[in-house]
Amino acid sequence: MSPNTNFELGLRDQYDRLWFDYSTDCRRNINIAHRYPQDIVDDVRPHELISLFRNSIGSRAGLIREVSYRRLFSLMDFCVSTGKGRILGVRSPKGKLLWATFLIELGNRITMLFTAGSKKSRELRTAYHVIDNIVRENAGKAKILDFAGSSIPSVAVFMKSFGSRGNNYYRIYRNTLPWPLRFLK
């Protein structure tokens with residue numbers, strides 16, 4: 001059993017109030033992002049997001065099995081085609097995908113399930129720009145923006161910077177392989 005934290009931001013308040021709860025660094029990064037033209041697009045395909053992840057983060061994330069990418073692709077494809085999810089992104093002026101996120105939207109919850117960005121998107125503070133836009137679009141509605149948590153400290157700080165609250169939960173792992181094999185897993 002291991003403890004984890006999920007970060008959630010209630011969007012019931014008006015945008016001005018939500019903005020007030022952003023950290024000073026978050027507001028500064030959003031203002032920096034607004035200096036650059038960054039149009040948010042919704043034409044990103046699942047394979048583009050996965051490719052961006054593989055090229056930017058996946059190589060540093062350790063071994064990620066091909067079957068995991070296929071499952072993620074199937075989930076994104078299903079959710080996008082049924083209207084239960086969408087992929088938002090920002091492209092360079094030449095059309096290259098710089099940053100994207102996969103959102104699942106069910107009921108009153110918007111869950112940021114998967115995100116990837118290029119080195120250039122970090123320079124442009126693109127993630128701050130897009131998430132602030134999601135907050136602005138949904139402010140004043142009885143919705144929750146679910147950042148889906150992270151065990152990476154810098155990512156957790158990023159999520160908290162938007163005024164989100166941490167909810168603790170426990171992950172239970174049970175290895176049911178036979179005795180000699182369970183030590184190999």
# chains A, B, ... in the order shown; residues from 1 in each chain; ligands from 1
$ residues_around --residues "region 45-51 of chain A" --least-positions-apart "6" --cutoff "7 Å" --atoms "only C-alpha atoms" --output "CSV table (one decimal) with N, CA and C atoms, in the first residue's frame"
chain,number,residue,atom,x,y,z
A,73,PHE,N,-3.9,4.9,-26.5
A,73,PHE,CA,-4.5,5.3,-27.8
A,73,PHE,C,-5.9,4.9,-27.9
A,76,MET,N,-8.1,7.1,-25.6
A,76,MET,CA,-8.3,8.4,-26.2
A,76,MET,C,-9.2,8.4,-27.4
A,77,ASP,N,-9.0,7.4,-28.3
A,77,ASP,CA,-9.8,7.3,-29.5
A,77,ASP,C,-11.2,7.1,-29.1
A,100,ALA,N,0.2,19.3,-25.5
A,100,ALA,CA,-1.2,18.8,-25.6
A,100,ALA,C,-1.6,18.1,-24.3
A,116,ALA,N,1.6,16.1,-22.4
A,116,ALA,CA,3.0,16.1,-22.9
A,116,ALA,C,3.3,17.5,-23.5
$ residues_around --residues "Leu11 (chain A)" --least-positions-apart "5" --cutoff "6 Å" --atoms "only C-alpha atoms" --output "list in words"
Ala139, Lys143 and Ile144 of chain A
$ closest_residue --among "A:Ile152, A:Tyr170, A:Leu52, A:Trp19" --to "Asn31 (chain A)" --atoms "only C-alpha atoms"
A:Trp19
$ select_by_dssp --residues "region 39-115 of chain A" --states "strand (DSSP E or B)" --output "MDAnalysis selection string"
chainID A and resid 40:41 85:91 97:106 109:115
$ residues_around --residues "region 166-168 of chain A" --least-positions-apart "3" --cutoff "9 Å" --atoms "only C-alpha atoms" --output "number ranges by chain"
A: 3-8, 149, 160
$ write_last_selection --atoms "all heavy atoms" --output "PDB file, in the first residue's frame"
ATOM      1  N   PRO A   3       0.797   5.696  -0.222  1.00  0.00           N
ATOM      2  CA  PRO A   3      -0.039   6.904  -0.243  1.00  0.00           C
ATOM      3  C   PRO A   3       0.212   7.724  -1.510  1.00  0.00           C
ATOM      4  O   PRO A   3       1.331   7.819  -1.998  1.00  0.00           O
ATOM      5  CB  PRO A   3       0.423   7.673   0.998  1.00  0.00           C
ATOM      6  CG  PRO A   3       1.826   7.222   1.218  1.00  0.00           C
ATOM      7  CD  PRO A   3       1.905   5.805   0.716  1.00  0.00           C
ATOM      8  N   ASN A   4      -0.847   8.309  -2.049  1.00  0.00           N
ATOM      9  CA  ASN A   4      -0.778   9.185  -3.222  1.00  0.00           C
ATOM     10  C   ASN A   4      -1.680  10.389  -2.985  1.00  0.00           C
ATOM     11  O   ASN A   4      -2.538  10.363  -2.106  1.00  0.00           O
ATOM     12  CB  ASN A   4      -1.239   8.451  -4.481  1.00  0.00           C
ATOM     13  CG  ASN A   4      -0.276   7.379  -4.906  1.00  0.00           C
ATOM     14  OD1 ASN A   4       0.906   7.625  -5.046  1.00  0.00           O
ATOM     15  ND2 ASN A   4      -0.771   6.174  -5.103  1.00  0.00           N
ATOM     16  N   THR A   5      -1.489  11.407  -3.791  1.00  0.00           N
ATOM     17  CA  THR A   5      -2.316  12.616  -3.679  1.00  0.00           C
ATOM     18  C   THR A   5      -2.877  12.965  -5.044  1.00  0.00           C
ATOM     19  O   THR A   5      -2.158  12.966  -6.044  1.00  0.00           O
ATOM     20  CB  THR A   5      -1.488  13.799  -3.141  1.00  0.00           C
ATOM     21  OG1 THR A   5      -0.908  13.430  -1.897  1.00  0.00           O
ATOM     22  CG2 THR A   5      -2.362  15.027  -2.937  1.00  0.00           C
ATOM     23  N   ASN A   6      -4.175  13.250  -5.071  1.00  0.00           N
ATOM     24  CA  ASN A   6      -4.853  13.715  -6.269  1.00  0.00           C
ATOM     25  C   ASN A   6      -5.192  15.188  -6.048  1.00  0.00           C
ATOM     26  O   ASN A   6      -5.628  15.566  -4.967  1.00  0.00           O
ATOM     27  CB  ASN A   6      -6.134  12.904  -6.495  1.00  0.00           C
ATOM     28  CG  ASN A   6      -6.806  13.281  -7.781  1.00  0.00           C
ATOM     29  OD1 ASN A   6      -6.172  13.352  -8.812  1.00  0.00           O
ATOM     30  ND2 ASN A   6      -8.093  13.540  -7.718  1.00  0.00           N
ATOM     31  N   PHE A   7      -4.986  16.023  -7.040  1.00  0.00           N
ATOM     32  CA  PHE A   7      -5.253  17.450  -6.906  1.00  0.00           C
ATOM     33  C   PHE A   7      -6.505  17.833  -7.691  1.00  0.00           C
ATOM     34  O   PHE A   7      -6.641  17.482  -8.856  1.00  0.00           O
ATOM     35  CB  PHE A   7      -4.054  18.269  -7.393  1.00  0.00           C
ATOM     36  CG  PHE A   7      -2.844  18.075  -6.534  1.00  0.00           C
ATOM     37  CD1 PHE A   7      -1.883  17.148  -6.862  1.00  0.00           C
ATOM     38  CD2 PHE A   7      -2.697  18.799  -5.363  1.00  0.00           C
ATOM     39  CE1 PHE A   7      -0.777  16.941  -6.059  1.00  0.00           C
ATOM     40  CE2 PHE A   7      -1.596  18.602  -4.547  1.00  0.00           C
ATOM     41  CZ  PHE A   7      -0.635  17.669  -4.896  1.00  0.00           C
ATOM     42  N   GLU A   8      -7.415  18.556  -7.023  1.00  0.00           N
ATOM     43  CA  GLU A   8      -8.678  18.968  -7.630  1.00  0.00           C
ATOM     44  C   GLU A   8      -8.923  20.450  -7.385  1.00  0.00           C
ATOM     45  O   GLU A   8      -8.596  20.977  -6.320  1.00  0.00           O
ATOM     46  CB  GLU A   8      -9.841  18.178  -7.028  1.00  0.00           C
ATOM     47  CG  GLU A   8      -9.760  16.695  -7.286  1.00  0.00           C
ATOM     48  CD  GLU A   8     -10.881  15.924  -6.613  1.00  0.00           C
ATOM     49  OE1 GLU A   8     -11.588  16.497  -5.751  1.00  0.00           O
ATOM     50  OE2 GLU A   8     -11.055  14.741  -6.946  1.00  0.00           O
ATOM     51  N   GLY A 149      -3.337  14.144 -10.087  1.00  0.00           N
ATOM     52  CA  GLY A 149      -2.231  13.892  -9.174  1.00  0.00           C
ATOM     53  C   GLY A 149      -0.935  13.502  -9.838  1.00  0.00           C
ATOM     54  O   GLY A 149      -0.874  13.236 -11.037  1.00  0.00           O
ATOM     55  N   LYS A 160      -0.681  22.436  -7.695  1.00  0.00           N
ATOM     56  CA  LYS A 160      -1.104  23.242  -6.534  1.00  0.00           C
ATOM     57  C   LYS A 160      -1.105  24.729  -6.846  1.00  0.00           C
ATOM     58  O   LYS A 160      -1.861  25.483  -6.246  1.00  0.00           O
ATOM     59  CB  LYS A 160      -0.195  22.967  -5.336  1.00  0.00           C
ATOM     60  CG  LYS A 160      -0.481  21.670  -4.645  1.00  0.00           C
ATOM     61  CD  LYS A 160       0.222  21.616  -3.292  1.00  0.00           C
ATOM     62  CE  LYS A 160       1.494  20.845  -3.415  1.00  0.00           C
ATOM     63  NZ  LYS A 160       2.182  20.632  -2.137  1.00  0.00           N
TER      64      LYS A 160
END
$ atom_distance --atom1 "CA of Asp132 (chain A)" --atom2 "CA of Ile110 (chain A)"
13.5 Å
$ atom_distance --atom1 "CA of Met159 (chain A)" --atom2 "CA of His34 (chain A)"
19.2 Å
$ select_by_dssp --residues "chain A" --states "helix (DSSP H, G or I)" --output "PyMOL selection string"
chain A and resi 15-21+24-33+46-58+66-82+119-124+126-138+153-160+179-182
$ decode --residues "region 127-148 of chain A" --atoms "N, CA and C atoms" --output "PDB file, in the first residue's frame"
ATOM      1  N   ALA A 127       1.650  25.274 -20.824  1.00  0.00           N
ATOM      2  CA  ALA A 127       0.765  24.537 -19.913  1.00  0.00           C
ATOM      3  C   ALA A 127      -0.040  25.494 -19.051  1.00  0.00           C
ATOM      4  N   TYR A 128       0.597  26.544 -18.549  1.00  0.00           N
ATOM      5  CA  TYR A 128      -0.117  27.538 -17.736  1.00  0.00           C
ATOM      6  C   TYR A 128      -1.215  28.197 -18.557  1.00  0.00           C
ATOM      7  N   HIS A 129      -0.893  28.535 -19.786  1.00  0.00           N
ATOM      8  CA  HIS A 129      -1.850  29.204 -20.676  1.00  0.00           C
ATOM      9  C   HIS A 129      -3.089  28.333 -20.918  1.00  0.00           C
ATOM     10  N   VAL A 130      -2.872  27.060 -21.251  1.00  0.00           N
ATOM     11  CA  VAL A 130      -3.997  26.183 -21.592  1.00  0.00           C
ATOM     12  C   VAL A 130      -4.847  25.879 -20.354  1.00  0.00           C
ATOM     13  N   ILE A 131      -4.213  25.565 -19.243  1.00  0.00           N
ATOM     14  CA  ILE A 131      -4.983  25.250 -18.030  1.00  0.00           C
ATOM     15  C   ILE A 131      -5.756  26.474 -17.557  1.00  0.00           C
ATOM     16  N   ASP A 132      -5.142  27.646 -17.622  1.00  0.00           N
ATOM     17  CA  ASP A 132      -5.872  28.865 -17.266  1.00  0.00           C
ATOM     18  C   ASP A 132      -7.078  29.049 -18.178  1.00  0.00           C
ATOM     19  N   ASN A 133      -6.940  28.724 -19.447  1.00  0.00           N
ATOM     20  CA  ASN A 133      -8.060  28.825 -20.382  1.00  0.00           C
ATOM     21  C   ASN A 133      -9.183  27.847 -20.018  1.00  0.00           C
ATOM     22  N   ILE A 134      -8.814  26.627 -19.612  1.00  0.00           N
ATOM     23  CA  ILE A 134      -9.822  25.647 -19.178  1.00  0.00           C
ATOM     24  C   ILE A 134     -10.561  26.174 -17.954  1.00  0.00           C
ATOM     25  N   VAL A 135      -9.815  26.743 -17.013  1.00  0.00           N
ATOM     26  CA  VAL A 135     -10.440  27.322 -15.809  1.00  0.00           C
ATOM     27  C   VAL A 135     -11.371  28.461 -16.210  1.00  0.00           C
ATOM     28  N   ARG A 136     -10.906  29.348 -17.074  1.00  0.00           N
ATOM     29  CA  ARG A 136     -11.714  30.504 -17.512  1.00  0.00           C
ATOM     30  C   ARG A 136     -13.009  30.045 -18.194  1.00  0.00           C
ATOM     31  N   GLU A 137     -12.917  29.036 -19.072  1.00  0.00           N
ATOM     32  CA  GLU A 137     -14.101  28.520 -19.787  1.00  0.00           C
ATOM     33  C   GLU A 137     -15.144  27.931 -18.846  1.00  0.00           C
ATOM     34  N   ASN A 138     -14.698  27.338 -17.740  1.00  0.00           N
ATOM     35  CA  ASN A 138     -15.605  26.602 -16.860  1.00  0.00           C
ATOM     36  C   ASN A 138     -15.883  27.290 -15.528  1.00  0.00           C
ATOM     37  N   ALA A 139     -15.326  28.472 -15.332  1.00  0.00           N
ATOM     38  CA  ALA A 139     -15.553  29.212 -14.090  1.00  0.00           C
ATOM     39  C   ALA A 139     -17.039  29.526 -13.930  1.00  0.00           C
ATOM     40  N   GLY A 140     -17.497  29.449 -12.699  1.00  0.00           N
ATOM     41  CA  GLY A 140     -18.895  29.738 -12.396  1.00  0.00           C
ATOM     42  C   GLY A 140     -19.816  28.555 -12.630  1.00  0.00           C
ATOM     43  N   LYS A 141     -19.259  27.427 -13.007  1.00  0.00           N
ATOM     44  CA  LYS A 141     -20.049  26.216 -13.227  1.00  0.00           C
ATOM     45  C   LYS A 141     -19.745  25.246 -12.091  1.00  0.00           C
ATOM     46  N   ALA A 142     -20.646  24.371 -11.817  1.00  0.00           N
ATOM     47  CA  ALA A 142     -20.454  23.392 -10.733  1.00  0.00           C
ATOM     48  C   ALA A 142     -19.604  22.225 -11.234  1.00  0.00           C
ATOM     49  N   LYS A 143     -18.378  22.550 -11.651  1.00  0.00           N
ATOM     50  CA  LYS A 143     -17.483  21.528 -12.174  1.00  0.00           C
ATOM     51  C   LYS A 143     -16.223  21.450 -11.321  1.00  0.00           C
ATOM     52  N   ILE A 144     -15.508  20.354 -11.501  1.00  0.00           N
ATOM     53  CA  ILE A 144     -14.240  20.137 -10.813  1.00  0.00           C
ATOM     54  C   ILE A 144     -13.187  19.833 -11.872  1.00  0.00           C
ATOM     55  N   LEU A 145     -12.061  20.554 -11.794  1.00  0.00           N
ATOM     56  CA  LEU A 145     -10.927  20.250 -12.647  1.00  0.00           C
ATOM     57  C   LEU A 145     -10.032  19.311 -11.855  1.00  0.00           C
ATOM     58  N   ASP A 146      -9.926  18.083 -12.339  1.00  0.00           N
ATOM     59  CA  ASP A 146      -9.160  17.033 -11.673  1.00  0.00           C
ATOM     60  C   ASP A 146      -7.816  16.907 -12.381  1.00  0.00           C
ATOM     61  N   PHE A 147      -6.743  17.301 -11.672  1.00  0.00           N
ATOM     62  CA  PHE A 147      -5.407  17.246 -12.253  1.00  0.00           C
ATOM     63  C   PHE A 147      -4.840  15.827 -12.263  1.00  0.00           C
ATOM     64  N   ALA A 148      -5.519  14.900 -11.610  1.00  0.00           N
ATOM     65  CA  ALA A 148      -5.153  13.478 -11.564  1.00  0.00           C
ATOM     66  C   ALA A 148      -3.886  13.183 -10.784  1.00  0.00           C
TER      67      ALA A 148
END
